[in-house]
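> This is the structure I want to talk about, given as structure tokens.
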Amino acid sequence: MFVSPAYAQAAAGGQGSGFEAFLPLILIFAVFYFLLIRPQQKKMKEHKAMLGAVRRGDKVVTGGGIIGTITKVIDEQEVTVEIADGVKVRVQRALISAVLSKTQPVNDDKDTKDSKDSKDSKAPKATKDETKQIEDKKSGTKNNKNKD
């Protein structure tokens, strides 16, 4: 009767702008980007590079945990993996989860000899005295010449 009904009133303080309302969301997105999204993209890029560098003779682990050696690269999508003596399976490249050991590229004997010769020709030759001094330093003795 004498009591008037109470209605909700607007807050006395001014309301913030739209930017202030979105600031926490922007900060959360930035944290997620630097802690989750960016590292995952980097890991995917490294995995793709690893799959591109796979070649015959590499020891790999498949997605199912099977360890084997690549015997043949069929195409961009498949490789043949030998998991036991005489047991070969075809595996999709994308399912290779890790490369345990890399093999060195196969070189012809002629190329290897040429590269060794070119390395040796560039290196300066040591004289017998220099070679003896180096050997003496390694063994810990000095080359004392008799002075008479």
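Residues are named by chain letter and number: chains run A, B, ... in the order of the structure tokens, numbers start at 1 in each chain, and ligands are numbered from 1 in the order shown.
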Counting only C-alpha atoms, give me one row per residue of segment 60-115 of chain A with an atom at most 9 Å from an atom of segment 37-48 of chain A, showing the shortest contact pair and its distance in Å to one decimal, sorted by chain then residue number, as CSV.


residue,atom,partner,partner_atom,distance
A:Ala94,CA,A:Lys48,CA,8.3
A:Ser97,CA,A:His47,CA,8.0
A:Ala98,CA,A:His47,CA,8.3

> Given the selection you just returned, output its residues as a file containing C-alpha atoms, formatted as a PDB file, in the first residue's frame.


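Output contents, as saved in part.pdb:
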ATOM      1  CA  ALA A  94      52.381 -39.741 -44.081  1.00  0.00           C
ATOM      2  CA  SER A  97      56.293 -41.038 -37.548  1.00  0.00           C
ATOM      3  CA  ALA A  98      60.092 -40.907 -37.115  1.00  0.00           C
TER       4      ALA A  98
END

> Taking into account only C-alpha atoms, which residue in the set A:Ala30, A:Ala6, A:Leu25, A:Ile96 is nearest to Val79 of chain A?

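Of A:Ala30, A:Ala6, A:Leu25, A:Ile96, the one nearest Val79 of chain A, counting only C-alpha atoms, is A:Ile96.
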
> Which residues come within 9 Å of Thr103 of chain A, counting only C-alpha atoms, excluding same-chain residues fewer than 4 positions away, as a ChimeraX atom specification?

/A:55-59

> So, with only C-alpha atoms as the atoms that count, which of A:Ile66, A:Val81, A:Met50, A:Leu23 lies closest to Val99 of chain A?

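Result for the nearest residue to Val99 of chain A: A:Met50.
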
> Using only C-alpha atoms, which residue out of A:Gly52, A:Gly18, A:Phe32, A:Lys72 lies closest to Arg90 of chain A?

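Of A:Gly52, A:Gly18, A:Phe32, A:Lys72, the one nearest Arg90 of chain A, counting only C-alpha atoms, is A:Lys72.
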
> Using only C-alpha atoms, which residues sit within 10 Å of Val91 of chain A once same-chain residues fewer than 3 positions away are excluded, as a list in words?

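Skipping anything fewer than 3 positions along the chain leaves Thr62, Gly63, Ile70, Val73, Ile74, Gln77, Glu78, Val79, Thr80, Val81, Lys88, Ala94, Leu95 and Ile96 of chain A.
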